[in-house]
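Source file: work_21.txt (compact mmCIF, C-alpha atoms and all ligand atoms)
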# COMPACT_ATOMS: atom_id res chain seq x y z
CA MET A 1 14.28 -17.53 -15.53
CA ILE A 2 15.48 -13.96 -15.49
CA ASP A 3 18.14 -12.81 -17.90
CA PRO A 4 21.24 -11.69 -15.94
CA ARG A 5 21.16 -8.30 -17.67
CA ASP A 6 17.57 -7.80 -16.53
CA ARG A 7 18.56 -8.79 -13.02
CA GLN A 8 21.33 -6.22 -13.12
CA ARG A 9 18.95 -3.56 -14.41
CA LEU A 10 16.46 -4.40 -11.67
CA ALA A 11 19.16 -4.09 -9.01
CA GLU A 12 20.15 -0.67 -10.37
CA ASN A 13 16.54 0.53 -10.55
CA TRP A 14 15.88 -0.60 -6.98
CA LEU A 15 18.97 1.12 -5.64
CA ARG A 16 18.03 4.30 -7.46
CA VAL A 17 14.52 4.21 -6.00
CA VAL A 18 15.89 3.67 -2.49
CA HIS A 19 18.32 6.52 -3.03
CA ASP A 20 15.60 8.87 -4.35
CA VAL A 21 13.27 8.01 -1.47
CA GLU A 22 16.08 8.65 0.98
CA GLN A 23 16.83 11.98 -0.65
CA ALA A 24 13.16 13.01 -0.57
CA ALA A 25 13.04 12.04 3.11
CA SER A 26 16.14 13.96 4.05
CA GLN A 27 14.86 17.06 2.22
CA SER A 28 11.96 17.05 4.67
CA SER A 29 14.26 16.28 7.59
CA ARG A 30 12.92 12.77 7.73
CA ASN A 31 14.73 9.46 7.80
CA LEU A 32 14.67 6.64 5.24
CA SER A 33 13.58 4.30 8.02
CA GLU A 34 10.34 6.29 8.41
CA VAL A 35 9.26 5.51 4.86
CA ARG A 36 8.43 1.98 3.82
CA ILE A 37 8.92 1.32 0.12
CA VAL A 38 6.22 -1.00 -1.17
CA GLY A 39 7.40 -2.51 -4.45
CA VAL A 40 4.30 -2.77 -6.63
CA THR A 41 4.72 -6.00 -8.57
CA LYS A 42 1.39 -6.04 -10.42
CA TYR A 43 3.23 -5.57 -13.73
CA VAL A 44 5.46 -8.63 -13.42
CA ASN A 45 5.35 -12.38 -12.86
CA ALA A 46 6.44 -14.37 -9.80
CA ASP A 47 10.00 -14.86 -11.09
CA MET A 48 10.57 -11.13 -11.51
CA THR A 49 8.92 -10.54 -8.13
CA GLU A 50 11.36 -12.96 -6.56
CA ALA A 51 14.24 -11.19 -8.28
CA LEU A 52 13.05 -7.96 -6.65
CA VAL A 53 13.09 -9.68 -3.26
CA ASP A 54 16.62 -10.85 -4.02
CA VAL A 55 17.81 -7.27 -4.50
CA GLY A 56 16.36 -6.24 -1.15
CA CYS A 57 12.65 -5.36 -1.37
CA ARG A 58 10.64 -6.91 1.47
CA ASP A 59 7.27 -5.17 1.02
CA LEU A 60 5.33 -6.22 -2.06
CA GLY A 61 2.12 -4.65 -3.34
CA GLU A 62 -0.51 -6.23 -5.55
CA ASN A 63 -3.75 -4.94 -6.98
CA ARG A 64 -5.52 -8.24 -7.53
CA PRO A 65 -5.79 -10.59 -4.58
CA GLN A 66 -5.41 -13.62 -6.87
CA SER A 67 -1.96 -12.39 -7.93
CA LEU A 68 -1.04 -11.73 -4.31
CA TRP A 69 -1.99 -15.31 -3.37
CA GLU A 70 -0.11 -16.83 -6.28
CA LYS A 71 3.08 -14.94 -5.54
CA ALA A 72 2.81 -15.36 -1.79
CA GLU A 73 2.58 -19.13 -2.36
CA LYS A 74 5.63 -19.19 -4.62
CA LEU A 75 7.71 -17.03 -2.29
CA GLY A 76 6.36 -18.74 0.80
CA GLY A 77 9.70 -19.35 2.50
CA ARG A 78 10.71 -15.68 2.47
CA ASP A 79 10.16 -13.20 5.24
CA LEU A 80 7.91 -10.76 3.36
CA CYS A 81 5.02 -8.44 3.97
CA TRP A 82 2.28 -8.34 1.31
CA HIS A 83 0.22 -5.24 0.60
CA GLN A 84 -3.23 -5.46 -0.95
CA ILE A 85 -3.49 -2.07 -2.67
CA GLY A 86 -6.47 -2.62 -4.98
CA HIS A 87 -10.11 -3.17 -4.13
CA LEU A 88 -10.70 -6.32 -2.07
CA GLN A 89 -13.99 -8.16 -2.59
CA ARG A 90 -15.43 -9.68 0.52
CA ASN A 91 -15.28 -13.22 -0.88
CA LYS A 92 -11.49 -12.84 -1.26
CA ILE A 93 -10.78 -11.82 2.35
CA ARG A 94 -10.39 -15.27 3.88
CA ARG A 95 -7.67 -16.42 1.53
CA THR A 96 -5.88 -13.06 1.63
CA LEU A 97 -5.63 -13.23 5.43
CA GLN A 98 -3.62 -16.46 5.16
CA TYR A 99 -0.55 -14.40 4.31
CA PRO A 100 1.23 -11.65 6.23
CA VAL A 101 -0.67 -8.71 4.80
CA VAL A 102 -1.54 -5.05 5.14
CA ILE A 103 -4.79 -4.11 3.41
CA HIS A 104 -4.47 -0.54 2.11
CA SER A 105 -7.77 -0.31 0.31
CA VAL A 106 -10.54 -0.59 2.88
CA ASP A 107 -13.28 1.43 1.23
CA SER A 108 -16.41 0.66 3.25
CA VAL A 109 -17.56 -0.20 6.74
CA ARG A 110 -18.95 -3.42 5.25
CA LEU A 111 -15.48 -4.48 4.22
CA LEU A 112 -14.10 -3.58 7.64
CA ASP A 113 -16.85 -5.64 9.30
CA ALA A 114 -16.16 -8.55 6.97
CA ILE A 115 -12.42 -8.56 7.73
CA ASP A 116 -13.25 -8.48 11.44
CA ASP A 117 -15.65 -11.42 11.00
CA GLU A 118 -13.20 -13.51 8.98
CA GLN A 119 -10.45 -13.07 11.52
CA ARG A 120 -12.84 -14.10 14.28
CA LEU A 121 -14.00 -17.12 12.28
CA ALA A 122 -10.39 -18.14 11.78
CA ASN A 123 -9.99 -18.01 15.54
CA ASP A 124 -7.08 -15.68 15.05
CA THR A 125 -6.78 -13.27 17.94
CA ARG A 126 -4.35 -10.96 16.14
CA ALA A 127 -5.61 -7.75 14.60
CA VAL A 128 -5.25 -7.36 10.83
CA ASP A 129 -3.42 -4.18 9.81
CA VAL A 130 -5.51 -2.08 7.45
CA LEU A 131 -5.71 1.45 6.08
CA LEU A 132 -8.84 3.34 5.16
CA GLU A 133 -8.77 4.60 1.59
CA VAL A 134 -9.85 8.19 1.13
CA ASN A 135 -10.82 9.80 -2.16
CA ILE A 136 -9.33 13.22 -1.54
CA SER A 137 -9.52 14.58 -5.08
CA GLY A 138 -13.28 14.05 -5.20
CA GLU A 139 -13.10 12.45 -8.64
CA GLU A 140 -15.81 10.01 -9.65
CA ALA A 141 -13.33 7.56 -11.13
CA LYS A 142 -11.14 7.40 -8.07
CA THR A 143 -11.53 4.64 -5.54
CA GLY A 144 -11.92 5.11 -1.82
CA MET A 145 -14.38 6.78 0.52
CA SER A 146 -15.27 10.44 0.57
CA PRO A 147 -14.01 12.20 3.71
CA ASN A 148 -17.59 12.20 5.06
CA GLU A 149 -18.05 8.47 4.47
CA LEU A 150 -14.72 7.79 6.08
CA ARG A 151 -15.57 9.90 9.09
CA ASP A 152 -18.70 7.77 9.56
CA VAL A 153 -16.51 4.67 9.96
CA MET A 154 -14.52 6.14 12.84
CA PRO A 155 -17.03 5.62 15.69
CA SER A 156 -16.81 1.84 15.09
CA LEU A 157 -13.09 1.93 16.03
CA PRO A 158 -11.03 0.58 17.68
CA ARG A 159 -11.78 -3.09 17.04
CA ASP A 160 -10.29 -6.32 18.37
CA ARG A 161 -9.38 -8.00 15.10
CA VAL A 162 -8.77 -5.09 12.77
CA ASN A 163 -6.22 -2.43 13.48
CA VAL A 164 -6.81 0.72 11.45
CA ARG A 165 -3.28 2.05 11.16
CA GLY A 166 -3.99 5.11 9.04
CA LEU A 167 -5.09 6.31 5.61
CA MET A 168 -4.30 5.52 2.00
CA ALA A 169 -4.80 7.90 -0.91
CA MET A 170 -3.92 8.59 -4.52
CA ALA A 171 -3.54 11.97 -6.17
CA GLY A 172 -6.17 12.69 -8.81
CA TRP A 173 -5.69 11.65 -12.42
CA GLY A 174 -3.06 13.65 -14.24
CA THR A 175 -2.07 15.62 -11.15
CA ALA A 176 1.59 16.04 -10.39
CA GLY A 177 3.98 18.40 -8.70
CA ASP A 178 2.42 21.13 -6.58
CA GLU A 179 -1.15 20.00 -7.17
CA ALA A 180 -0.34 16.45 -6.05
CA ARG A 181 1.47 17.86 -3.03
CA ARG A 182 -1.55 19.97 -2.11
CA GLN A 183 -3.75 16.86 -2.19
CA PHE A 184 -1.30 14.89 -0.03
CA ALA A 185 -1.24 17.76 2.44
CA ALA A 186 -5.04 17.59 2.57
CA VAL A 187 -4.84 13.86 3.37
CA ARG A 188 -2.40 14.52 6.20
CA GLU A 189 -4.56 17.31 7.62
CA PHE A 190 -7.63 15.09 7.41
CA ARG A 191 -5.74 12.33 9.22
CA ASP A 192 -4.61 14.77 11.90
CA SER A 193 -8.15 15.97 12.49
CA LEU A 194 -9.53 12.41 12.72
CA ALA A 195 -6.74 11.35 15.04
CA SER A 196 -7.42 14.13 17.49
CA GLU A 197 -11.21 13.95 17.22
CA PHE A 198 -11.37 10.17 17.76
CA GLY A 199 -8.26 9.73 19.91
CA LEU A 200 -6.57 7.18 17.63
CA PRO A 201 -2.97 7.31 16.43
CA LEU A 202 -3.55 6.70 12.65
CA ASP A 203 0.21 6.85 12.22
CA GLU A 204 0.44 5.48 8.71
CA LEU A 205 -0.08 7.42 5.49
CA SER A 206 0.16 5.33 2.32
CA MET A 207 0.51 7.83 -0.49
CA GLY A 208 2.84 8.48 -3.40
CA MET A 209 3.60 6.40 -6.48
CA SER A 210 6.35 6.48 -9.13
CA GLY A 211 5.44 9.97 -10.33
CA ASP A 212 4.74 11.72 -7.05
CA PHE A 213 6.44 9.94 -4.14
CA ALA A 214 8.71 12.90 -3.38
CA GLU A 215 5.68 15.18 -2.89
CA ALA A 216 4.00 12.51 -0.74
CA ILE A 217 7.07 12.09 1.45
CA ALA A 218 7.28 15.85 1.90
CA GLU A 219 3.72 15.69 3.26
CA GLY A 220 4.33 12.84 5.65
CA ALA A 221 3.88 9.58 3.71
CA THR A 222 5.05 6.57 5.72
CA MET A 223 4.50 4.12 2.86
CA VAL A 224 5.09 4.81 -0.82
CA ARG A 225 3.79 2.40 -3.45
CA ILE A 226 6.25 2.29 -6.33
CA GLY A 227 5.89 0.11 -9.41
CA SER A 228 6.84 1.41 -12.84
CA ARG A 229 10.04 3.09 -11.69
CA ILE A 230 11.32 -0.16 -10.26
CA PHE A 231 10.61 -2.02 -13.49
CA ASP A 232 11.75 0.74 -15.83
CA GLY A 233 13.24 -0.82 -18.96
CA LEU A 234 12.03 -4.28 -17.97
CA LEU A 235 8.45 -4.22 -19.15
CA ALA A 236 7.35 -5.05 -22.67
CA THR A 237 5.99 -1.91 -24.28
C1 LIG B 1 -0.20 0.46 -9.78
C2 LIG B 1 -0.38 1.14 -8.49
C3 LIG B 1 0.69 1.81 -7.88
C4 LIG B 1 2.06 1.93 -8.52
O1 LIG B 1 2.01 2.88 -9.54
P1 LIG B 1 3.33 3.28 -10.36
O2 LIG B 1 2.96 4.57 -10.98
O3 LIG B 1 3.56 2.20 -11.34
O4 LIG B 1 4.44 3.42 -9.40
C5 LIG B 1 0.47 2.39 -6.65
N1 LIG B 1 -0.73 2.33 -6.04
C6 LIG B 1 -1.79 1.71 -6.59
C7 LIG B 1 -3.08 1.67 -5.86
C8 LIG B 1 -1.65 1.10 -7.84
O5 LIG B 1 -2.71 0.49 -8.38
Please rewrite the model in this file as structure tokens.
Ligand SMILES: *Cc1c(COP(=O)(O)O)cnc(C)c1O
Amino acid sequence: MIDPRDRQRLAENWLRVVHDVEQAASQSSRNLSEVRIVGVTKYVNADMTEALVDVGCRDLGENRPQSLWEKAEKLGGRDLCWHQIGHLQRNKIRRTLQYPVVIHSVDSVRLLDAIDDEQRLANDTRAVDVLLEVNISGEEAKTGMSPNELRDVMPSLPRDRVNVRGLMAMAGWGTAGDEARRQFAAVREFRDSLASEFGLPLDELSMGMSGDFAEAIAEGATMVRIGSRIFDGLLAT
């Protein structure tokens, strides 16, 4: 059960996030409807996740597939889209594809092949929406493919059962403000060059988190992944 005061706080936080995203969009002459807000619920349990759905969030992001499954089961009757934003092991694909999902974190051609295979095995003719994760800051610790690795995946596209909708990226550790914005601009430019070279739309750019979503939106993000700001004041410290 969620304390009514916490519910109230959550509603206020959500509205503020929506407002701030809208403001960031309008500052770049973009529209709120062009930016999907993925509420990252990895910090909270299924009850708090449901409370977030109640205040209006329909896109939910999880790092661990097991948490995604658990919450997707509990909130099964709702019209939601799940977002797998952390690394997905190949043995977790089958179960993950049972829910309406976008996989943001495709970081190898092996994973792409495996998603393709699972969808075929399931006899599902729909294409799974995925993003290719690029490590733009070049840091060892960061996840995702280097631009060269990612470029090597492109000749295997398009595919029947996997629809590569675009790219996902994170700014490097400790980067913020102008430096984060420069990295997001590099992601967009990389996407533009791939799109024209390989003749694919790659419309989606998943970039920007609580600390840098405004910079990401200014550089063309179509999905922002926001967690801590939504749960501000609601997490045990
Ligand atoms: C946790 C996480 C987020 C959300 O980060 P916040 O700073 O809490 O908004 C976004 N993307 C990924 C990949 C994450 O793991």
List every residue of chain A that has an atom at most 9 Å from any atom of ligand LIG 1 (chain B), giving for each one its closest atom pair and the distance in Å to one decimal, counting only C-alpha atoms and all ligand atoms, sorted by chain and then by ascending residue number, as a tab-separated table.
residue	atom	partner	partner_atom	distance
A:Val38	CA	B:LIG1	C5	8.6
A:Gly39	CA	B:LIG1	C4	8.0
A:Val40	CA	B:LIG1	C4	5.5
A:Thr41	CA	B:LIG1	C1	8.2
A:Lys42	CA	B:LIG1	C1	6.7
A:Tyr43	CA	B:LIG1	C1	8.0
A:Gly61	CA	B:LIG1	C5	8.0
A:Glu62	CA	B:LIG1	O5	7.6
A:Asn63	CA	B:LIG1	O5	5.7
A:Gln84	CA	B:LIG1	C7	8.7
A:Ile85	CA	B:LIG1	C7	4.9
A:Gly86	CA	B:LIG1	C7	5.5
A:His87	CA	B:LIG1	C7	8.7
A:His104	CA	B:LIG1	C7	8.4
A:Ser105	CA	B:LIG1	C7	8.0
A:Thr143	CA	B:LIG1	C7	9.0
A:Met168	CA	B:LIG1	C7	8.8
A:Ala169	CA	B:LIG1	C7	8.1
A:Met170	CA	B:LIG1	C7	7.1
A:Ser206	CA	B:LIG1	N1	8.9
A:Met207	CA	B:LIG1	N1	7.9
A:Gly208	CA	B:LIG1	C5	7.3
A:Met209	CA	B:LIG1	O4	4.3
A:Ser210	CA	B:LIG1	O4	3.6
A:Gly211	CA	B:LIG1	O2	6.0
A:Asp212	CA	B:LIG1	O2	8.4
A:Phe213	CA	B:LIG1	O4	8.6
A:Val224	CA	B:LIG1	C5	7.8
A:Arg225	CA	B:LIG1	C5	4.6
A:Ile226	CA	B:LIG1	O4	3.7
A:Gly227	CA	B:LIG1	O4	3.6
A:Ser228	CA	B:LIG1	O3	3.7
A:Arg229	CA	B:LIG1	O4	6.1
A:Ile230	CA	B:LIG1	O4	7.8
A:Phe231	CA	B:LIG1	O3	8.5
- Message: Let me make sure I understand: among A:Leu88, A:Met145, A:Ala176, A:Leu121, which one has the smallest atom-to-atom distance to Asp107 of chain A if we use only C-alpha atoms?
- Response: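 Selected residue with least distance to Asp107 of chain A: A:Met145.
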- Message: Calculated over all atoms listed in the file, which of the candidates A:Ala214, A:Leu60, A:Val102, A:Ala180 has the smallest distance to Asn163 of chain A?
- Response: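 Counting all atoms listed in the file, the residue closest to Asn163 of chain A is A:Val102.
If you count all atoms listed in the file and ignore residues fewer than 4 places along the chain from Asp6 of chain A, what sits within 10 Å of it is Ile2, Leu10, Ala11, Glu12, Met48, Ala51, Phe231, Gly233 and Leu234 of chain A.
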- Task: Find, counting all atoms listed in the file, the residue in A:Ala171, A:Ile136, A:Val187, A:Leu200 that gets nearest to Leu157 of chain A.
- Result: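 The shortest atom-to-atom distance to Leu157 of chain A comes from A:Leu200.
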Where's the centre, and what are the edge lengths in Å to one decimal, of a box along x, y and z enclosing all listed atoms of segment 103-115 of chain A padded 6 Å per side, as lines of an AutoDock Vina configuration file?
center_x = -11.7
center_y = -3.6
center_z = 4.8
size_x = 26.5
size_y = 22.0
size_z = 21.0
- Write out as a list of chain:residue names the residues lying within 9 Å of Leu97 of chain A, counting all atoms listed in the file and excluding same-chain residues fewer than 2 positions away. A:Lys92, A:Ile93, A:Arg94, A:Arg95, A:Tyr99, A:Pro100, A:Val101, A:Ile115, A:Glu118, A:Gln119, A:Val128
